[in-house]
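Student: My file is entry.cif. It has mmCIF, C-alpha atoms and all ligand atoms:
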data_data
#
loop_
_atom_site.label_atom_id
_atom_site.label_comp_id
_atom_site.auth_asym_id
_atom_site.auth_seq_id
_atom_site.Cartn_x
_atom_site.Cartn_y
_atom_site.Cartn_z
CA MET A 1 -5.30 18.35 -34.70
CA ALA A 2 -1.96 16.93 -33.59
CA ARG A 3 -1.66 16.49 -29.86
CA ALA A 4 0.50 19.09 -28.18
CA GLU A 5 4.01 18.10 -27.14
CA TRP A 6 6.57 19.54 -24.78
CA GLY A 7 9.06 21.88 -26.47
CA SER A 8 12.03 19.80 -25.39
CA ARG A 9 13.00 16.89 -23.17
CA LEU A 10 14.15 19.29 -20.53
CA GLY A 11 10.87 21.12 -20.86
CA PHE A 12 9.07 17.89 -19.97
CA ILE A 13 11.21 17.25 -16.90
CA LEU A 14 10.89 20.83 -15.74
CA ALA A 15 7.15 20.89 -16.18
CA ALA A 16 6.73 17.57 -14.36
CA ALA A 17 9.03 18.80 -11.60
CA GLY A 18 7.04 22.03 -11.56
CA SER A 19 3.95 19.96 -10.90
CA ALA A 20 5.58 17.92 -8.17
CA VAL A 21 7.52 20.64 -6.37
CA GLY A 22 4.98 22.92 -4.77
CA LEU A 23 3.12 23.42 -1.56
CA GLY A 24 3.55 19.71 -0.84
CA ALA A 25 7.29 19.99 -0.39
CA ILE A 26 7.50 23.42 1.22
CA TRP A 27 4.24 23.84 3.08
CA LYS A 28 2.95 20.34 3.81
CA PHE A 29 6.13 18.33 4.29
CA PRO A 30 7.55 20.40 7.17
CA TYR A 31 4.34 20.53 9.19
CA VAL A 32 3.37 16.89 8.72
CA ALA A 33 6.94 15.84 9.56
CA ALA A 34 6.89 18.06 12.65
CA GLN A 35 3.50 16.74 13.77
CA ASN A 36 4.88 13.23 13.45
CA GLY A 37 8.00 13.90 15.47
CA GLY A 38 10.62 14.30 12.72
CA GLY A 39 13.42 11.71 12.34
CA ALA A 40 11.56 8.42 12.01
CA PHE A 41 8.96 10.04 9.80
CA LEU A 42 11.66 11.32 7.48
CA VAL A 43 13.15 7.85 7.14
CA ILE A 44 9.78 6.26 6.38
CA PHE A 45 9.02 9.00 3.86
CA LEU A 46 12.35 8.47 2.11
CA VAL A 47 11.91 4.70 1.98
CA ILE A 48 8.44 5.10 0.45
CA VAL A 49 9.67 7.63 -2.11
CA CYS A 50 12.65 5.50 -3.16
CA THR A 51 10.51 2.39 -3.65
CA LEU A 52 6.88 3.20 -4.39
CA GLY A 53 7.53 6.74 -5.54
CA ILE A 54 10.04 5.99 -8.25
CA SER A 55 8.24 2.87 -9.54
CA LEU A 56 4.87 4.56 -9.76
CA MET A 57 6.39 7.65 -11.35
CA ILE A 58 7.90 5.51 -14.13
CA ALA A 59 4.64 3.56 -14.39
CA GLU A 60 2.42 6.65 -14.68
CA MET A 61 4.63 8.51 -17.11
CA SER A 62 4.93 5.40 -19.31
CA VAL A 63 1.19 4.85 -19.31
CA GLY A 64 0.73 8.41 -20.56
CA ALA A 65 3.60 8.30 -23.03
CA SER A 66 2.57 5.00 -24.59
CA THR A 67 -1.11 5.84 -24.98
CA ARG A 68 -0.88 9.60 -25.60
CA ARG A 69 -4.10 9.94 -23.68
CA SER A 70 -5.05 11.63 -20.45
CA PRO A 71 -5.92 9.26 -17.58
CA VAL A 72 -9.42 8.15 -18.55
CA GLY A 73 -8.50 7.38 -22.15
CA ALA A 74 -5.17 5.87 -21.12
CA TYR A 75 -6.76 3.46 -18.64
CA ARG A 76 -9.44 2.54 -21.14
CA ARG A 77 -6.98 1.82 -23.89
CA LEU A 78 -4.65 -0.29 -21.76
CA GLY A 79 -7.12 -1.92 -19.40
CA GLY A 80 -10.49 -1.95 -21.14
CA LYS A 81 -13.79 -0.23 -20.55
CA TRP A 82 -14.07 -0.65 -16.79
CA TRP A 83 -10.61 0.69 -16.15
CA SER A 84 -11.61 4.12 -17.34
CA GLY A 85 -13.35 4.41 -13.94
CA VAL A 86 -9.93 4.71 -12.30
CA GLY A 87 -9.26 7.69 -14.53
CA TYR A 88 -12.56 9.28 -13.50
CA ILE A 89 -11.63 8.93 -9.85
CA GLY A 90 -8.29 10.57 -10.61
CA VAL A 91 -9.99 13.52 -12.26
CA LEU A 92 -12.29 13.84 -9.27
CA CYS A 93 -9.24 13.75 -7.00
CA GLY A 94 -7.61 16.57 -8.96
CA PHE A 95 -10.81 18.55 -8.55
CA LEU A 96 -10.87 17.99 -4.78
CA ILE A 97 -7.20 18.81 -4.32
CA LEU A 98 -7.22 22.01 -6.35
CA SER A 99 -10.22 23.33 -4.42
CA PHE A 100 -8.24 23.46 -1.14
CA TYR A 101 -4.84 23.88 -2.80
CA SER A 102 -6.01 27.19 -4.19
CA VAL A 103 -6.95 28.33 -0.68
CA VAL A 104 -3.38 27.72 0.49
CA GLY A 105 -2.07 29.24 -2.75
CA GLY A 106 -4.08 32.31 -1.77
CA TRP A 107 -2.29 32.39 1.59
CA THR A 108 1.03 32.69 -0.24
CA ILE A 109 -0.25 35.80 -2.05
CA ALA A 110 -1.52 37.22 1.24
CA TYR A 111 1.90 36.65 2.78
CA ILE A 112 3.61 38.44 -0.10
CA VAL A 113 1.39 41.40 0.77
CA LYS A 114 2.09 41.05 4.52
CA SER A 115 5.82 40.94 3.77
CA ILE A 116 5.59 44.06 1.65
CA ASP A 117 3.75 46.04 4.34
CA GLY A 118 6.23 44.71 6.90
CA SER A 119 3.58 43.64 9.39
CA ILE A 120 5.04 40.16 9.94
CA LEU A 121 8.70 41.09 10.26
CA THR A 122 9.10 39.97 13.87
CA SER A 123 10.44 36.97 15.75
CA ASN A 124 7.60 36.95 18.29
CA PRO A 125 6.06 33.46 17.98
CA ALA A 126 2.79 34.41 19.68
CA PHE A 127 2.28 37.35 17.36
CA LEU A 128 3.09 35.35 14.22
CA SER A 129 0.80 32.49 15.24
CA THR A 130 -2.07 34.82 16.07
CA THR A 131 -1.62 36.76 12.85
CA PHE A 132 -1.83 33.57 10.83
CA ASP A 133 -4.72 32.06 12.79
CA SER A 134 -6.84 35.17 12.60
CA PHE A 135 -6.08 35.60 8.90
CA ILE A 136 -7.18 32.09 7.88
CA ALA A 137 -10.22 32.31 10.16
CA ASP A 138 -11.38 35.55 8.56
CA PRO A 139 -14.60 34.85 6.63
CA VAL A 140 -13.82 37.20 3.73
CA LEU A 141 -10.18 38.10 3.18
CA PRO A 142 -8.74 34.64 2.40
CA LEU A 143 -11.52 34.14 -0.15
CA TRP A 144 -10.32 37.09 -2.22
CA TYR A 145 -6.84 35.62 -2.29
CA HIS A 146 -8.28 32.19 -3.08
CA ALA A 147 -10.15 33.75 -6.02
CA ALA A 148 -6.99 35.47 -7.22
CA PHE A 149 -5.00 32.24 -7.08
CA MET A 150 -7.65 30.21 -8.89
CA GLY A 151 -7.99 32.94 -11.52
CA LEU A 152 -4.25 32.98 -12.14
CA THR A 153 -4.18 29.19 -12.42
CA ALA A 154 -6.94 29.35 -15.03
CA ALA A 155 -5.08 32.09 -16.90
CA VAL A 156 -1.93 29.98 -17.18
CA VAL A 157 -3.87 26.96 -18.37
CA LEU A 158 -5.63 29.04 -20.99
CA ALA A 159 -2.26 30.12 -22.34
CA GLY A 160 -1.76 26.49 -23.47
CA VAL A 161 0.41 23.53 -22.60
CA GLN A 162 3.86 24.76 -23.52
CA LYS A 163 3.84 28.50 -23.23
CA GLY A 164 1.91 28.49 -20.02
CA ILE A 165 3.65 25.86 -18.02
CA GLU A 166 7.16 25.47 -19.34
CA GLN A 167 8.14 29.10 -19.28
CA VAL A 168 7.15 29.69 -15.71
CA SER A 169 8.82 26.55 -14.41
CA LYS A 170 12.30 27.14 -15.67
CA TYR A 171 14.07 29.97 -13.92
CA LEU A 172 12.07 30.52 -10.80
CA MET A 173 12.50 27.00 -9.52
CA VAL A 174 16.24 27.44 -9.56
CA MET A 175 15.84 30.67 -7.65
CA LEU A 176 13.61 29.00 -5.09
CA PHE A 177 16.20 26.29 -4.61
CA LEU A 178 18.97 28.84 -4.03
CA LEU A 179 16.84 30.87 -1.65
CA VAL A 180 16.00 27.82 0.43
CA LEU A 181 19.74 27.14 0.74
CA VAL A 182 20.33 30.70 1.96
CA LEU A 183 17.54 30.38 4.50
CA ILE A 184 18.89 27.06 5.76
CA VAL A 185 22.28 28.64 6.36
CA ARG A 186 20.68 31.53 8.26
CA GLY A 187 18.53 29.19 10.34
CA LEU A 188 21.41 26.89 11.18
CA THR A 189 23.57 29.74 12.43
CA LEU A 190 20.99 30.89 14.97
CA PRO A 191 21.50 29.82 18.61
CA GLY A 192 19.62 26.63 19.45
CA ALA A 193 19.25 25.50 15.85
CA ILE A 194 20.88 22.18 16.61
CA ASP A 195 17.81 20.94 18.52
CA GLY A 196 15.77 21.38 15.37
CA VAL A 197 18.32 19.58 13.24
CA LEU A 198 18.47 16.67 15.66
CA THR A 199 14.69 16.38 15.86
CA PHE A 200 14.48 16.37 12.08
CA LEU A 201 17.30 13.91 11.46
CA GLN A 202 17.47 11.58 14.48
CA PRO A 203 14.98 8.74 14.07
CA ASP A 204 13.26 7.30 17.10
CA PHE A 205 11.62 4.18 15.70
CA SER A 206 9.86 3.38 18.97
CA LYS A 207 7.44 6.17 18.07
CA VAL A 208 6.39 4.69 14.72
CA THR A 209 2.63 4.15 14.41
CA PRO A 210 0.35 3.06 11.54
CA VAL A 211 -0.94 6.64 11.37
CA MET A 212 2.58 7.89 10.81
CA VAL A 213 3.12 5.44 7.97
CA ILE A 214 -0.05 6.40 6.16
CA GLU A 215 0.73 10.09 6.64
CA ALA A 216 4.16 9.52 5.09
CA MET A 217 2.66 7.58 2.21
CA GLY A 218 -0.07 10.16 1.59
CA LEU A 219 2.49 12.92 1.68
CA ALA A 220 4.68 11.04 -0.81
CA PHE A 221 1.77 10.66 -3.23
CA PHE A 222 0.75 14.28 -2.79
CA SER A 223 4.16 15.84 -3.09
CA MET A 224 5.16 13.71 -6.09
CA SER A 225 1.78 14.31 -7.84
CA LEU A 226 1.22 10.54 -8.02
CA GLY A 227 -1.84 8.31 -7.95
CA MET A 228 -4.35 10.55 -9.70
CA GLY A 229 -3.16 10.55 -13.26
CA CYS A 230 -1.30 13.84 -13.30
CA MET A 231 1.91 12.20 -14.45
CA ILE A 232 -0.11 10.19 -16.98
CA THR A 233 -1.36 13.47 -18.43
CA TYR A 234 2.12 14.99 -18.48
CA GLY A 235 3.64 11.81 -19.90
CA SER A 236 1.06 11.90 -22.68
CA TYR A 237 2.66 15.11 -23.95
CA ALA A 238 6.18 13.61 -23.94
CA SER A 239 7.82 13.16 -27.32
CA ASP A 240 8.81 9.67 -28.48
CA GLU A 241 12.48 10.46 -27.89
CA THR A 242 11.92 11.13 -24.19
CA TYR A 243 13.48 8.36 -22.10
CA ILE A 244 10.98 8.08 -19.28
CA PRO A 245 13.16 6.59 -16.50
CA ASN A 246 15.54 9.55 -16.64
CA SER A 247 12.69 12.02 -16.44
CA ALA A 248 10.99 10.07 -13.63
CA GLY A 249 14.25 9.83 -11.67
CA SER A 250 14.95 13.54 -12.05
CA VAL A 251 11.50 14.54 -10.88
CA ILE A 252 11.57 12.23 -7.86
CA GLY A 253 15.12 13.25 -6.97
CA LEU A 254 14.46 16.95 -7.25
CA THR A 255 11.24 16.86 -5.27
CA THR A 256 12.75 14.70 -2.53
CA ILE A 257 15.68 17.10 -2.19
CA ILE A 258 13.32 20.06 -1.87
CA CYS A 259 11.24 18.24 0.75
CA PHE A 260 14.38 17.45 2.71
CA LEU A 261 15.72 20.99 2.44
CA SER A 262 12.37 22.45 3.50
CA GLY A 263 12.55 20.36 6.64
CA LEU A 264 16.06 21.62 7.26
CA MET A 265 14.80 25.15 6.72
CA VAL A 266 11.78 24.99 9.04
CA PHE A 267 12.82 22.66 11.91
CA PRO A 268 15.63 24.79 13.34
CA ALA A 269 13.37 27.86 13.33
CA ILE A 270 10.75 25.98 15.38
CA PHE A 271 13.24 25.43 18.19
CA VAL A 272 15.19 28.68 17.93
CA PHE A 273 12.09 30.82 18.39
CA GLY A 274 9.97 28.43 20.44
CA PHE A 275 7.12 27.63 18.05
CA ASP A 276 4.79 24.71 18.62
CA PRO A 277 6.00 21.83 16.37
CA SER A 278 2.43 20.58 16.05
CA ALA A 279 1.18 23.97 14.83
CA GLY A 280 -0.17 22.29 11.69
CA PRO A 281 -0.86 23.91 8.32
CA GLY A 282 0.47 27.29 9.44
CA LEU A 283 3.97 26.08 10.28
CA THR A 284 5.92 27.39 7.26
CA PHE A 285 3.93 30.62 7.30
CA ILE A 286 4.60 31.36 10.95
CA THR A 287 8.19 30.17 11.33
CA MET A 288 9.82 31.69 8.25
CA PRO A 289 8.99 35.35 9.02
CA ALA A 290 10.85 34.89 12.31
CA VAL A 291 13.93 33.84 10.34
CA PHE A 292 13.57 36.83 8.00
CA SER A 293 13.41 39.14 10.99
CA GLN A 294 16.91 37.95 11.91
CA MET A 295 18.41 38.71 8.49
CA SER A 296 19.70 41.92 7.06
CA GLY A 297 17.43 42.62 4.13
CA GLY A 298 14.90 40.36 5.83
CA GLN A 299 11.93 42.10 4.30
CA PHE A 300 13.30 41.55 0.81
CA PHE A 301 13.94 37.87 1.52
CA GLY A 302 10.43 37.55 2.92
CA ILE A 303 8.84 38.98 -0.18
CA LEU A 304 11.04 36.83 -2.41
CA PHE A 305 10.34 33.66 -0.42
CA PHE A 306 6.57 33.97 -0.50
CA PHE A 307 6.67 35.03 -4.13
CA LEU A 308 8.68 31.96 -5.13
CA LEU A 309 6.47 29.74 -2.98
CA PHE A 310 3.51 31.22 -4.81
CA VAL A 311 5.11 30.42 -8.19
CA ALA A 312 5.92 26.87 -7.06
CA ALA A 313 2.30 26.50 -5.99
CA LEU A 314 1.09 27.91 -9.30
CA THR A 315 3.05 25.45 -11.45
CA SER A 316 1.50 22.65 -9.37
CA SER A 317 -2.03 24.02 -9.45
CA VAL A 318 -1.72 24.40 -13.20
CA SER A 319 -1.01 20.66 -13.46
CA LEU A 320 -4.05 19.87 -11.35
CA MET A 321 -6.22 22.06 -13.55
CA GLU A 322 -4.68 20.43 -16.63
CA VAL A 323 -5.78 16.98 -15.41
CA VAL A 324 -9.34 18.16 -14.92
CA VAL A 325 -9.62 20.22 -18.10
CA SER A 326 -7.84 17.83 -20.49
CA PHE A 327 -10.32 15.16 -19.37
CA PHE A 328 -13.21 17.15 -20.80
CA ILE A 329 -11.27 18.02 -23.94
CA ASP A 330 -10.14 14.45 -24.66
CA GLU A 331 -13.31 12.64 -23.61
CA PHE A 332 -16.05 15.00 -24.72
CA HIS A 333 -14.27 17.31 -27.18
CA LEU A 334 -15.41 20.30 -25.16
CA PRO A 335 -13.66 23.63 -25.66
CA ARG A 336 -10.64 24.32 -23.46
CA THR A 337 -11.60 27.88 -22.62
CA ALA A 338 -15.12 27.14 -21.49
CA MET A 339 -14.11 24.10 -19.43
CA THR A 340 -11.29 25.96 -17.72
CA VAL A 341 -13.66 28.73 -16.71
CA VAL A 342 -16.46 26.42 -15.55
CA MET A 343 -14.17 24.10 -13.58
CA SER A 344 -12.36 27.02 -11.96
CA ILE A 345 -15.65 28.40 -10.71
CA LEU A 346 -16.79 25.04 -9.34
CA MET A 347 -13.50 24.40 -7.58
CA PHE A 348 -13.51 27.94 -6.25
CA VAL A 349 -16.91 27.32 -4.69
CA LEU A 350 -15.80 24.10 -2.98
CA GLY A 351 -12.67 25.95 -1.84
CA ILE A 352 -14.85 28.58 -0.16
CA GLY A 353 -16.19 25.80 2.05
CA ALA A 354 -12.66 24.59 2.77
CA SER A 355 -11.52 28.08 3.72
CA LEU A 356 -14.53 28.79 5.92
CA SER A 357 -14.06 25.44 7.66
CA LEU A 358 -10.89 26.92 9.20
CA GLY A 359 -12.90 29.75 10.74
CA VAL A 360 -16.63 30.33 11.01
CA TRP A 361 -17.49 26.74 10.03
CA LYS A 362 -14.84 25.03 12.15
CA ASP A 363 -17.42 23.29 14.32
CA TYR A 364 -18.80 21.28 11.42
CA THR A 365 -16.61 18.18 11.50
CA LEU A 366 -16.64 14.56 10.40
CA PHE A 367 -14.35 12.05 12.16
CA GLY A 368 -12.89 15.05 13.95
CA LYS A 369 -11.89 16.77 10.70
CA ASN A 370 -13.18 19.99 9.18
CA LEU A 371 -13.89 20.23 5.45
CA PHE A 372 -10.33 21.36 4.69
CA GLY A 373 -8.96 18.37 6.59
CA ILE A 374 -11.40 15.97 4.94
CA LEU A 375 -10.53 17.10 1.41
CA ASP A 376 -6.85 16.76 2.23
CA TYR A 377 -7.18 13.36 3.92
CA VAL A 378 -9.50 11.78 1.37
CA SER A 379 -7.38 12.86 -1.59
CA SER A 380 -3.87 12.16 -0.25
CA ASN A 381 -4.46 9.26 2.09
CA LEU A 382 -7.28 7.40 0.31
CA ILE A 383 -7.78 8.24 -3.37
CA MET A 384 -4.15 8.67 -4.37
CA PRO A 385 -2.98 5.42 -2.73
CA PHE A 386 -5.95 3.69 -4.38
CA GLY A 387 -4.84 5.16 -7.71
CA GLY A 388 -1.33 3.92 -6.97
CA ILE A 389 -2.61 0.37 -6.47
CA MET A 390 -4.54 0.53 -9.72
CA VAL A 391 -1.74 1.90 -11.88
CA ALA A 392 0.62 -0.72 -10.44
CA ILE A 393 -1.84 -3.50 -11.26
CA LEU A 394 -2.45 -2.11 -14.73
CA VAL A 395 1.23 -1.90 -15.53
CA GLY A 396 2.27 -5.12 -13.77
CA TRP A 397 -0.53 -7.39 -14.95
CA LYS A 398 -2.51 -5.98 -17.86
CA SER A 399 -0.25 -3.96 -20.07
CA TRP A 400 3.30 -4.94 -19.28
CA PRO A 401 4.38 -5.58 -22.92
CA VAL A 402 3.31 -2.08 -23.97
CA ILE A 403 5.06 -0.49 -21.01
CA ALA A 404 8.21 -2.61 -21.43
CA ASP A 405 8.29 -1.54 -25.05
CA ARG A 406 8.07 2.12 -24.11
CA LEU A 407 10.87 1.64 -21.59
CA THR A 408 13.14 0.04 -24.18
CA ARG A 409 15.90 2.40 -25.29
CA ALA A 410 16.16 3.69 -28.84
CA ASP A 411 19.01 1.22 -29.55
CA GLY A 412 16.78 -1.71 -28.55
CA THR A 413 18.43 -2.45 -25.21
CA GLN A 414 16.39 -2.74 -22.05
CA PRO A 415 17.38 -1.42 -18.63
CA VAL A 416 18.58 -4.21 -16.32
CA TRP A 417 16.07 -3.29 -13.64
CA LEU A 418 13.08 -3.82 -15.90
CA PRO A 419 12.10 -7.24 -14.41
CA LEU A 420 12.41 -5.67 -10.98
CA LEU A 421 9.93 -2.96 -11.91
CA LYS A 422 7.53 -5.57 -13.24
CA GLY A 423 7.71 -7.62 -10.05
CA PHE A 424 7.34 -4.55 -7.91
CA CYS A 425 4.27 -3.35 -9.79
CA ARG A 426 2.74 -6.84 -9.84
CA TYR A 427 3.11 -7.82 -6.24
CA ILE A 428 4.89 -5.50 -3.86
CA ALA A 429 3.34 -2.13 -4.63
CA PRO A 430 -0.33 -3.20 -4.51
CA VAL A 431 0.15 -5.32 -1.38
CA LEU A 432 2.23 -2.69 0.41
CA ILE A 433 -0.22 0.13 -0.24
CA PHE A 434 -3.16 -2.10 0.62
CA VAL A 435 -1.63 -3.14 3.93
CA ILE A 436 -0.88 0.46 4.90
CA LEU A 437 -4.44 1.48 4.01
CA ILE A 438 -6.02 -1.41 5.92
CA GLN A 439 -3.94 -0.71 9.03
CA ASN A 440 -5.65 2.64 9.23
CA LEU A 441 -9.25 1.68 8.62
N1 LIG B 1 2.63 17.85 -5.97
C1 LIG B 1 1.96 19.09 -5.69
C2 LIG B 1 2.59 19.72 -4.48
O1 LIG B 1 3.33 19.04 -3.79
O2 LIG B 1 2.33 20.86 -4.20
C3 LIG B 1 0.49 18.90 -5.51
C4 LIG B 1 -0.13 18.10 -6.60
C5 LIG B 1 -0.05 18.52 -7.92
C6 LIG B 1 -0.73 16.88 -6.31
C7 LIG B 1 -0.59 17.75 -8.92
C8 LIG B 1 -1.27 16.11 -7.32
C9 LIG B 1 -1.18 16.56 -8.60
F1 LIG B 1 -1.69 15.83 -9.55
#
Now, as a test, write the supplied structure out as structure tokens.
Tutor:
Amino acid sequence: MARAEWGSRLGFILAAAGSAVGLGAIWKFPYVAAQNGGGAFLVIFLVIVCTLGISLMIAEMSVGASTRRSPVGAYRRLGGKWWSGVGYIGVLCGFLILSFYSVVGGWTIAYIVKSIDGSILTSNPAFLSTTFDSFIADPVLPLWYHAAFMGLTAAVVLAGVQKGIEQVSKYLMVMLFLLVLVLIVRGLTLPGAIDGVLTFLQPDFSKVTPVMVIEAMGLAFFSMSLGMGCMITYGSYASDETYIPNSAGSVIGLTTIICFLSGLMVFPAIFVFGFDPSAGPGLTFITMPAVFSQMSGGQFFGILFFFLLFVAALTSSVSLMEVVVSFFIDEFHLPRTAMTVVMSILMFVLGIGASLSLGVWKDYTLFGKNLFGILDYVSSNLIMPFGGIMVAILVGWKSWPVIADRLTRADGTQPVWLPLLKGFCRYIAPVLIFVILIQNL
């Protein structure tokens, strides 16, 4: 059977952007940036995205597009037998991420419900924080939402590559973008908003620590879906006419803009209403209802916001599931339906642990982190950077001619920056990531 392809070039970009733009940009970026003090963190994040991010995005997409294989097969073909191990680690990483990602995806559904019943339409920070904390600590309720989110993810994947993913991505992402702009305007016109803006934008480089740099790097990998083969998988469905650098640039640009705008949306609210900037994973969930409470039609905007956040999360979770499932299809010729069901159940079970570790199991920790924190840290700050090193080495050293060929335009000309990309993948990217990792061990 011919391998599936994206319906159009735009379809490819939208689907890849749908994978990248998700909870990373809107849920994780604001709280990690706030925990790390804002300004300087933003600068470091942007520098990493504009160097490592863009290079590795081009590298991953090209690896997929030139081999037409998902990660394991792609690494094997370009690097040889042993390299397929990197692909296996990527698949494992996708598995780990989706297990806790689905828990947070479940929170978005719960917050749609809470917005509909109106229970969170208040600007009282203590109430909003307590509501969130007691919800995620509940041993039962979040698990139902987690199950619903995982089930929906599986349903989309079962609908197939194009129909499932492309259709959902298109319109709703534009709506999300517009809504975020509206919310920024509302936030910025509240008294005291300027303190939030300044904290977010004014860098204080004296506060930079190795921890901050690795957090920024991990966040970049996570929010751009890099380092675990997701963009290899998506690239493998790209048609021959797709010019990878344009797609890669669009995806990076779009995701970075959404990260930035999310910061601009959340930071003012922290200061206007007096939330704790280091509130952690609840930050977007607790601050935004306060903003809605100050808007006419606030309840409607609340429902819309959490619905669009849910959709953004779903297009990302679908890509994670796709990495895991297409591995079994491509490597072992197992049926898509059965693998989707089996993997969903296994990831759901691990996610139960992650969810409970925020409540009844919160005392079980390793290196001061609960299971949720461990899954997050290991995937974003260890496995994905490792995957980044490996894909850079593969592209820079082992398979450059194949990649250069794929990056050559249809008229035979090569982009002027091609040697730069080669040098970056050969030397700078692996060394840079390695140094950041080592600093933290
Ligand atoms: N980039 C997604 C987000 O920011 O929500 C998360 C993600 C999706 C990470 C797919 C990795 C991945 F392969």
Student: Just how far from atom CA of A:Tyr243 is atom CA of A:Met321, in Å to one decimal?
Tutor: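 Atom-to-atom, atom CA of A:Met321 and atom CA of A:Tyr243 are spaced 25.5 Å apart.
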Student: Which residues are near stretch 400-404 of chain A? Cut-off 10 Å, all atoms listed in the file, ignore same chain within fewer than 4 positions. Put them as a list in words.
Tutor: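 Close residues of stretch 400-404 of chain A: Ile58, Ala59, Glu60, Met61, Ser62, Val63, Gly64, Ala65, Ser66, Thr67, Leu78, Ile393, Leu394, Val395, Gly396, Thr408, Arg409, Gln414, Pro415, Leu418, Pro419, Leu421, Lys422, Cys425 and Arg426 of chain A.
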Student: Filtering to C-alpha atoms, could you give me those residues as a PDB file, in the coordinates of the input?
Tutor:
ATOM      1  CA  ILE A  58       7.900   5.510 -14.130  1.00  0.00           C
ATOM      2  CA  ALA A  59       4.640   3.560 -14.390  1.00  0.00           C
ATOM      3  CA  GLU A  60       2.420   6.650 -14.680  1.00  0.00           C
ATOM      4  CA  MET A  61       4.630   8.510 -17.110  1.00  0.00           C
ATOM      5  CA  SER A  62       4.930   5.400 -19.310  1.00  0.00           C
ATOM      6  CA  VAL A  63       1.190   4.850 -19.310  1.00  0.00           C
ATOM      7  CA  GLY A  64       0.730   8.410 -20.560  1.00  0.00           C
ATOM      8  CA  ALA A  65       3.600   8.300 -23.030  1.00  0.00           C
ATOM      9  CA  SER A  66       2.570   5.000 -24.590  1.00  0.00           C
ATOM     10  CA  THR A  67      -1.110   5.840 -24.980  1.00  0.00           C
ATOM     11  CA  LEU A  78      -4.650  -0.290 -21.760  1.00  0.00           C
ATOM     12  CA  ILE A 393      -1.840  -3.500 -11.260  1.00  0.00           C
ATOM     13  CA  LEU A 394      -2.450  -2.110 -14.730  1.00  0.00           C
ATOM     14  CA  VAL A 395       1.230  -1.900 -15.530  1.00  0.00           C
ATOM     15  CA  GLY A 396       2.270  -5.120 -13.770  1.00  0.00           C
ATOM     16  CA  THR A 408      13.140   0.040 -24.180  1.00  0.00           C
ATOM     17  CA  ARG A 409      15.900   2.400 -25.290  1.00  0.00           C
ATOM     18  CA  GLN A 414      16.390  -2.740 -22.050  1.00  0.00           C
ATOM     19  CA  PRO A 415      17.380  -1.420 -18.630  1.00  0.00           C
ATOM     20  CA  LEU A 418      13.080  -3.820 -15.900  1.00  0.00           C
ATOM     21  CA  PRO A 419      12.100  -7.240 -14.410  1.00  0.00           C
ATOM     22  CA  LEU A 421       9.930  -2.960 -11.910  1.00  0.00           C
ATOM     23  CA  LYS A 422       7.530  -5.570 -13.240  1.00  0.00           C
ATOM     24  CA  CYS A 425       4.270  -3.350  -9.790  1.00  0.00           C
ATOM     25  CA  ARG A 426       2.740  -6.840  -9.840  1.00  0.00           C
TER      26      ARG A 426
END
Student: Which value, in Å to one decimal, gives the distance between atom CA of A:Leu371 and atom CA of A:Leu143?
Tutor: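 Interatomic distance here is 15.2 Å.
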Student: Please define a box with edges along x, y and z of the file around all atoms of stretch 53-69 of chain A given in the file, extend it by 4 Å on each side, and return its centre and edge lengths in Å to one decimal, as AutoDock Vina command-line options.
Tutor:
--center_x 3.0 --center_y 6.4 --center_z -15.6 --size_x 22.1 --size_y 15.1 --size_z 28.1
Student: Sorted by chain and rising residue number, which residues of stretch 125-165 of chain A lie within 8 Å of stretch 326-349 of chain A, and what are their closest atom pairs and distances in Å to one decimal, counting all atoms listed in the file, as JSON lines?
Tutor:
{"residue": "A:His146", "atom": "CA", "partner": "A:Phe348", "partner_atom": "CA", "distance": 7.4}
{"residue": "A:Ala147", "atom": "CA", "partner": "A:Phe348", "partner_atom": "CA", "distance": 6.7}
{"residue": "A:Met150", "atom": "CA", "partner": "A:Ser344", "partner_atom": "CA", "distance": 6.5}
{"residue": "A:Gly151", "atom": "CA", "partner": "A:Ser344", "partner_atom": "CA", "distance": 7.4}
{"residue": "A:Ala154", "atom": "CA", "partner": "A:Thr340", "partner_atom": "CA", "distance": 6.1}
{"residue": "A:Val157", "atom": "CA", "partner": "A:Thr340", "partner_atom": "CA", "distance": 7.5}
{"residue": "A:Leu158", "atom": "CA", "partner": "A:Thr337", "partner_atom": "CA", "distance": 6.3}
